[in-house]
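For reference, protein-v7.txt is printed below; it contains compact mmCIF, C-alpha atoms.
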# COMPACT_ATOMS: atom_id res chain seq x y z
CA MET Z 9 50.01 11.01 59.58
CA SER Z 10 46.84 9.51 61.04
CA GLU Z 11 45.57 13.04 61.59
CA ILE Z 12 45.99 13.79 57.89
CA LEU Z 13 44.02 10.73 56.81
CA ALA Z 14 41.31 11.69 59.25
CA GLY Z 15 41.04 15.10 57.63
CA GLY Z 16 43.14 17.02 60.15
CA ALA Z 17 45.75 19.66 59.41
CA TRP Z 18 49.46 19.11 59.26
CA ASP Z 19 51.06 21.09 62.03
CA GLY Z 20 54.14 22.71 60.63
CA ASN Z 21 55.51 23.44 64.09
CA ARG Z 22 55.33 19.77 64.99
CA MET Z 23 56.86 18.48 61.73
CA GLY Z 24 58.98 21.44 60.89
CA THR Z 25 57.95 21.68 57.23
CA GLY Z 26 55.32 24.43 57.34
CA TRP Z 27 53.04 22.45 54.94
CA GLU Z 28 49.30 22.15 55.55
CA HIS Z 29 47.07 19.34 54.05
CA PRO Z 30 44.73 20.74 51.34
CA ILE Z 31 41.71 18.62 52.40
CA LYS Z 32 40.08 20.76 55.07
CA ASP Z 33 37.24 18.50 56.22
CA LYS Z 34 35.64 15.06 56.00
CA LYS Z 35 32.78 16.25 53.74
CA TYR Z 36 35.15 17.05 50.89
CA LEU Z 37 36.88 13.68 51.26
CA MET Z 38 33.51 11.88 51.08
CA THR Z 39 32.59 13.84 47.92
CA LEU Z 40 35.77 12.63 46.22
CA GLU Z 41 35.01 9.05 47.18
CA GLN Z 42 31.44 9.30 45.78
CA MET Z 43 32.40 10.69 42.34
CA PRO Z 44 31.24 8.33 39.51
CA THR Z 45 33.92 6.19 37.93
CA THR Z 46 34.84 6.65 34.26
CA GLU Z 47 36.16 3.13 33.89
CA TYR Z 48 34.62 -0.34 33.77
CA LYS Z 49 35.58 -2.93 36.36
CA GLU Z 50 36.41 -5.27 33.48
CA ALA Z 51 37.70 -4.38 30.04
CA ARG Z 52 35.22 -4.33 27.17
CA VAL Z 53 36.32 -6.44 24.19
CA CYS Z 54 35.01 -6.02 20.64
CA ARG Z 55 34.98 -8.76 18.01
CA CYS Z 56 37.21 -6.54 15.87
CA GLY Z 57 39.98 -6.82 18.48
CA TYR Z 58 39.52 -3.43 20.11
CA THR Z 59 39.55 -3.40 23.93
CA SER Z 60 39.15 -0.66 26.52
CA VAL Z 61 38.18 -0.08 30.15
CA ASN Z 62 37.45 3.59 29.52
CA MET Z 63 33.69 4.23 29.25
CA SER Z 64 34.02 7.19 26.92
CA ASN Z 65 36.35 5.37 24.53
CA TRP Z 66 34.11 2.30 24.44
CA SER Z 67 30.99 4.39 23.81
CA ARG Z 68 32.73 6.15 20.92
CA HIS Z 69 33.89 2.81 19.46
CA LYS Z 70 30.34 1.40 19.56
CA LYS Z 71 29.10 4.21 17.31
CA TYR Z 72 31.48 3.36 14.49
CA CYS Z 73 32.14 -0.38 14.74
CA LYS Z 74 29.43 -2.73 13.45
CA LEU Z 75 31.05 -5.72 15.16
CA VAL Z 76 30.23 -4.51 18.66
CA VAL Z 77 27.79 -6.75 20.52
CA THR Z 78 26.79 -5.15 23.80
CA SER Z 79 24.39 -7.89 24.91
CA ASP Z 80 22.14 -10.63 23.57
CA LYS Z 81 19.13 -8.39 24.14
CA ASP Z 82 20.61 -5.51 22.17
CA GLU Z 83 21.59 -7.85 19.35
CA LEU Z 84 18.07 -9.28 19.20
CA ILE Z 85 16.54 -5.79 19.09
CA GLU Z 86 18.88 -4.80 16.29
CA GLN Z 87 17.99 -7.91 14.29
CA MET Z 88 14.28 -7.19 14.74
CA LYS Z 89 14.77 -3.62 13.55
CA GLN Z 90 16.54 -4.85 10.42
CA GLN Z 91 13.80 -7.41 9.74
CA LEU Z 92 11.06 -4.79 10.15
CA ALA Z 93 12.91 -2.43 7.82
CA ALA Z 94 13.15 -5.19 5.22
CA LYS Z 95 9.42 -5.95 5.59
CA ASP Z 96 8.56 -2.27 5.18
CA GLU Z 97 10.60 -2.16 1.98
CA GLN Z 98 8.82 -5.24 0.63
CA ILE Z 99 5.41 -3.72 1.41
CA LYS Z 100 6.37 -0.51 -0.41
CA GLU Z 101 7.42 -2.51 -3.46
CA LEU Z 102 4.17 -4.50 -3.46
CA ILE Z 103 2.14 -1.29 -3.23
CA GLN Z 104 4.03 0.18 -6.18
CA VAL Z 105 3.44 -3.01 -8.22
CA ALA Z 106 -0.28 -2.91 -7.39
CA LYS Z 107 -0.54 0.72 -8.49
CA LYS Z 108 1.45 0.23 -11.68
CA PRO Z 109 -0.70 -0.30 -14.79
CA ARG Z 110 -0.33 -3.79 -16.17
CA THR Z 111 -0.13 -4.56 -19.89
CA VAL Z 112 -1.59 -7.88 -20.97
CA ASN Z 113 -2.43 -9.97 -24.03
CA ASN Z 114 -2.26 -13.51 -25.35
CA THR Z 115 1.24 -13.09 -26.75
CA THR Z 116 4.42 -12.44 -24.79
CA THR Z 117 7.34 -10.18 -25.68
CA ASN Z 118 10.22 -10.02 -23.21
CA ASN Z 119 7.90 -11.31 -20.45
CA ARG Z 120 5.67 -8.27 -20.96
CA TYR Z 121 2.10 -8.68 -22.21
CA VAL Z 122 1.02 -6.11 -24.80
CA VAL Z 123 -2.54 -5.18 -25.77
CA GLU Z 124 -3.23 -5.62 -29.47
CA GLN Z 125 -3.79 -2.26 -31.12
CA HIS Z 126 -7.17 -3.12 -32.63
CA ILE Z 127 -8.72 -3.42 -29.14
CA ASN Z 128 -10.80 -0.37 -28.24
CA VAL Z 129 -10.02 1.65 -25.11
CA PHE Z 130 -12.51 1.04 -22.30
CA GLY Z 131 -15.45 3.46 -22.59
CA LYS Z 132 -14.95 3.92 -26.34
CA GLU Z 133 -16.45 0.67 -27.60
CA SER Z 134 -18.01 0.29 -31.04
CA ILE Z 135 -21.70 -0.72 -31.21
CA GLU Z 136 -22.23 -0.95 -34.98
CA HIS Z 137 -22.77 -4.70 -34.60
CA ILE Z 138 -25.89 -4.15 -32.42
CA SER Z 139 -29.02 -3.65 -34.51
CA PRO Z 140 -31.99 -1.38 -33.61
CA GLU Z 141 -34.13 -4.51 -33.37
CA GLN Z 142 -31.80 -5.99 -30.75
CA ILE Z 143 -31.96 -2.78 -28.72
CA GLN Z 144 -35.75 -2.75 -28.80
CA ALA Z 145 -35.75 -6.36 -27.64
CA LEU Z 146 -33.54 -5.37 -24.73
CA LEU Z 147 -35.84 -2.48 -23.77
CA ALA Z 148 -38.73 -4.92 -23.49
CA ASP Z 149 -36.98 -6.51 -20.48
CA PRO Z 150 -36.08 -3.47 -18.31
CA ALA Z 151 -34.61 -5.42 -15.38
CA ASN Z 152 -32.02 -7.11 -17.63
CA ALA Z 153 -31.67 -4.56 -20.43
CA VAL Z 154 -28.48 -2.85 -19.24
CA PRO Z 155 -26.54 -6.01 -18.30
CA GLN Z 156 -27.51 -7.71 -21.59
CA PHE Z 157 -26.58 -4.64 -23.61
CA ILE Z 158 -23.12 -4.74 -22.00
CA LYS Z 159 -22.88 -8.43 -22.90
CA LEU Z 160 -23.76 -7.74 -26.54
CA LYS Z 161 -21.33 -4.85 -26.71
CA HIS Z 162 -18.28 -6.60 -25.27
CA ARG Z 163 -18.75 -10.27 -26.18
CA ARG Z 164 -20.36 -10.09 -29.59
CA ALA Z 165 -18.23 -7.39 -31.21
CA PRO Z 166 -16.51 -8.74 -34.36
CA GLY Z 167 -12.80 -9.45 -34.01
CA GLY Z 168 -13.01 -9.02 -30.26
CA VAL Z 169 -12.49 -5.26 -30.61
CA ASN Z 170 -14.44 -4.60 -27.40
CA GLN Z 171 -12.71 -7.20 -25.25
CA ASN Z 172 -11.26 -4.49 -23.07
CA LEU Z 173 -12.64 -5.54 -19.71
CA ARG Z 174 -11.87 -8.48 -17.44
CA ILE Z 175 -11.50 -9.75 -13.88
CA PRO Z 176 -7.93 -11.03 -13.25
CA ASN Z 177 -8.72 -12.59 -9.87
CA GLN Z 178 -12.22 -13.51 -8.69
CA LYS Z 179 -11.10 -13.29 -5.05
CA ARG Z 180 -10.14 -9.62 -5.35
CA ALA Z 181 -12.40 -6.62 -5.95
CA ILE Z 182 -10.23 -5.52 -8.86
CA TYR Z 183 -11.13 -5.16 -12.55
CA GLN Z 184 -8.73 -4.53 -15.42
CA VAL Z 185 -9.61 -2.23 -18.31
CA VAL Z 186 -7.72 -1.25 -21.45
CA VAL Z 187 -6.42 2.33 -21.39
CA SER Z 188 -4.16 4.43 -23.58
CA GLY Z 189 -0.49 4.05 -22.76
CA GLU Z 190 2.61 5.82 -23.95
CA GLY Z 191 2.39 6.99 -27.52
CA GLU Z 192 -0.05 4.80 -29.43
CA ASP Z 193 0.34 1.82 -27.10
CA LYS Z 194 -2.52 0.46 -25.02
CA GLU Z 195 -2.32 -1.35 -21.73
CA TRP Z 196 -4.36 -2.94 -18.98
CA GLU Z 197 -4.96 -0.87 -15.87
CA ASN Z 198 -6.24 -1.99 -12.47
CA LYS Z 199 -9.41 -0.30 -11.23
CA SER Z 200 -11.69 -0.99 -8.31
CA LYS Z 201 -14.69 -3.22 -8.94
CA GLY Z 202 -17.19 -0.64 -7.69
CA GLU Z 203 -15.79 2.14 -9.85
CA VAL Z 204 -15.97 0.07 -13.04
CA LEU Z 205 -19.47 -1.30 -12.32
CA GLU Z 206 -20.86 2.18 -11.72
CA GLN Z 207 -19.25 3.46 -14.93
CA LEU Z 208 -20.66 0.53 -16.89
CA TYR Z 209 -24.15 1.12 -15.58
CA ASP Z 210 -24.13 4.91 -16.08
CA GLU Z 211 -22.79 4.84 -19.65
CA ASN Z 212 -24.86 1.91 -20.94
CA SER Z 213 -28.12 2.81 -19.21
CA GLY Z 214 -27.78 6.32 -20.65
CA HIS Z 215 -27.40 4.90 -24.14
CA LEU Z 216 -30.52 2.73 -23.80
CA GLU Z 217 -32.55 5.61 -22.33
CA ALA Z 218 -31.68 7.65 -25.41
CA GLU Z 219 -33.03 4.82 -27.59
CA ALA Z 220 -36.29 4.44 -25.61
CA ASP Z 221 -39.40 6.20 -26.94
CA GLU Z 222 -41.59 7.30 -24.07
CA ASP Z 223 -44.60 7.40 -26.39
CA THR Z 224 -44.48 3.63 -26.82
CA ARG Z 225 -45.44 1.07 -24.24
CA VAL Z 226 -42.01 -0.61 -24.30
CA GLY Z 227 -40.12 2.67 -24.09
CA SER Z 228 -42.33 4.08 -21.36
CA HIS Z 229 -42.07 0.91 -19.28
CA PHE Z 230 -38.27 0.91 -19.58
CA LEU Z 231 -37.95 4.58 -18.61
CA ASP Z 232 -40.18 4.07 -15.56
CA HIS Z 233 -37.90 1.24 -14.47
CA GLN Z 234 -34.85 3.45 -14.93
CA ASP Z 235 -36.41 6.15 -12.75
CA ARG Z 236 -36.86 3.61 -9.96
CA VAL Z 237 -33.24 2.47 -10.27
CA LYS Z 238 -32.02 6.07 -10.06
CA SER Z 239 -34.12 6.63 -6.94
CA SER Z 240 -32.61 3.46 -5.49
CA ALA Z 241 -29.10 4.72 -6.25
CA ALA Z 242 -30.02 7.88 -4.31
CA GLY Z 243 -30.93 5.82 -1.25
CA GLU Z 244 -34.55 4.81 -1.76
CA ASP Z 245 -35.30 1.16 -0.87
CA GLY Z 246 -31.83 1.03 0.72
CA GLY Z 247 -30.20 0.89 -2.70
CA ARG Z 248 -31.50 -2.64 -3.29
CA ARG Z 249 -32.69 -2.18 -6.90
CA TYR Z 250 -29.49 -0.35 -7.92
CA LYS Z 251 -27.28 -2.98 -6.29
CA ASP Z 252 -29.21 -5.68 -8.14
CA GLN Z 253 -28.28 -4.02 -11.44
CA LEU Z 254 -24.60 -3.86 -10.48
CA ASP Z 255 -24.63 -7.52 -9.43
CA LYS Z 256 -26.09 -8.54 -12.79
CA ILE Z 257 -23.44 -6.53 -14.62
CA HIS Z 258 -20.71 -8.19 -12.53
CA SER Z 259 -22.11 -11.61 -13.48
CA VAL Z 260 -21.93 -10.66 -17.17
CA VAL Z 261 -18.35 -9.39 -16.87
CA THR Z 262 -17.31 -12.57 -15.08
CA ASN Z 263 -18.30 -14.58 -18.14
CA LEU Z 264 -16.93 -12.29 -20.85
Here is a file; write its structure as structure tokens.
Amino acid sequence: MSEILAGGAWDGNRMGTGWEHPIKDKKYLMTLEQMPTTEYKEARVCRCGYTSVNMSNWSRHKKYCKLVVTSDKDELIEQMKQQLAAKDEQIKELIQVAKKPRTVNNTTTNNRYVVEQHINVFGKESIEHISPEQIQALLADPANAVPQFIKLKHRRAPGGVNQNLRIPNQKRAIYQVVVSGEGEDKEWENKSKGEVLEQLYDENSGHLEAEADEDTRVGSHFLDHQDRVKSSAAGEDGGRRYKDQLDKIHSVVTNL
């Protein structure tokens, strides 16, 4: 028997059975001893009541049971993943809210502010209340003509029909302008500060240039100033003169 355990052969002549041990050598016996185990030394217990020492069964149970806690580290990682997923969802919602046009007015209906229908859409303001004499007075002060024209247009319009522009938060570079909504409705829409300022300057300076007569001293002086501002916008003087115009317009809008 000791010969069998040592890897020797069973001698049928000696024992009289004719049987030979299937393990031929020590190398094969060592291979069997080194094969990886498929069972845990101690049973794994789940909070749901399931228990098993079989590695395959436990692995399969972990995939489908949410009550499995493999270790404190794994539980912490899982909690962090859930928290990050929740944060990502909140960020997505905030982005969608920021992109969504906002409708605002002084009266509330179902917690939703609605723009009164007599307010003109931004970029389509009426200027009948501004007289030719007022425009000529503006042209006589080229550096402030465009900002002051915007002030007259939006603040002085009768019935507030041109009150379609505002700054909801001074700490953010966001303007709100009135735009056409669904059907005949109008609503406030968020736009970047730079985009609105450039639009204000382009549209209103163009209107004043059309009113300036280059054959008069006032008109000629104004048009020369406008040429310098355009050159500044193209990069001359580092954009200083053009930026000064935008800053003045922003100051006017702040006080509308």
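Pairwise distance (CA of Asp235 in chain Z, CA of Arg164 in chain Z) equals 28.4 Å.
Atom to atom, CA of Leu160 in chain Z and CA of Asn177 in chain Z stand 23.0 Å apart.
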**Study point:** Given all atoms listed in the file as the counted atoms, nearest of Z:Ser139, Z:Asn152, Z:Asn170, Z:Ser67 to Ile257 in chain Z
**Key:** Z:Asn152
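Closest to His258 in chain Z among Z:Thr46, Z:Gln178, Z:Gln98, Z:Asn212 is Z:Gln178, based on all atoms listed in the file.
Atom pair CA of Val261 in chain Z / CA of His229 in chain Z: separated by 26.0 Å.
Compared by their closest atoms to Gln142 in chain Z, and using only C-alpha atoms, the residues Z:Leu216, Z:Ile182, Z:Val187, Z:Leu75 rank with Z:Leu216 nearest.
Proximity of Z:Ala51, Z:Val186, Z:Cys56, Z:Val154 to Glu133 in chain Z, computed with only C-alpha atoms, is greatest for Z:Val186.
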**Study point:** Residue among Z:Val226, Z:Leu254, Z:Val169, Z:Ile175 lying closest to Leu205 in chain Z, counting all atoms listed in the file
**Key:** Z:Leu254
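Proximity ranking of Z:Glu136, Z:Glu244, Z:Glu50, Z:Glu124 relative to Ser188 in chain Z places Z:Glu124 first, based on all atoms listed in the file.
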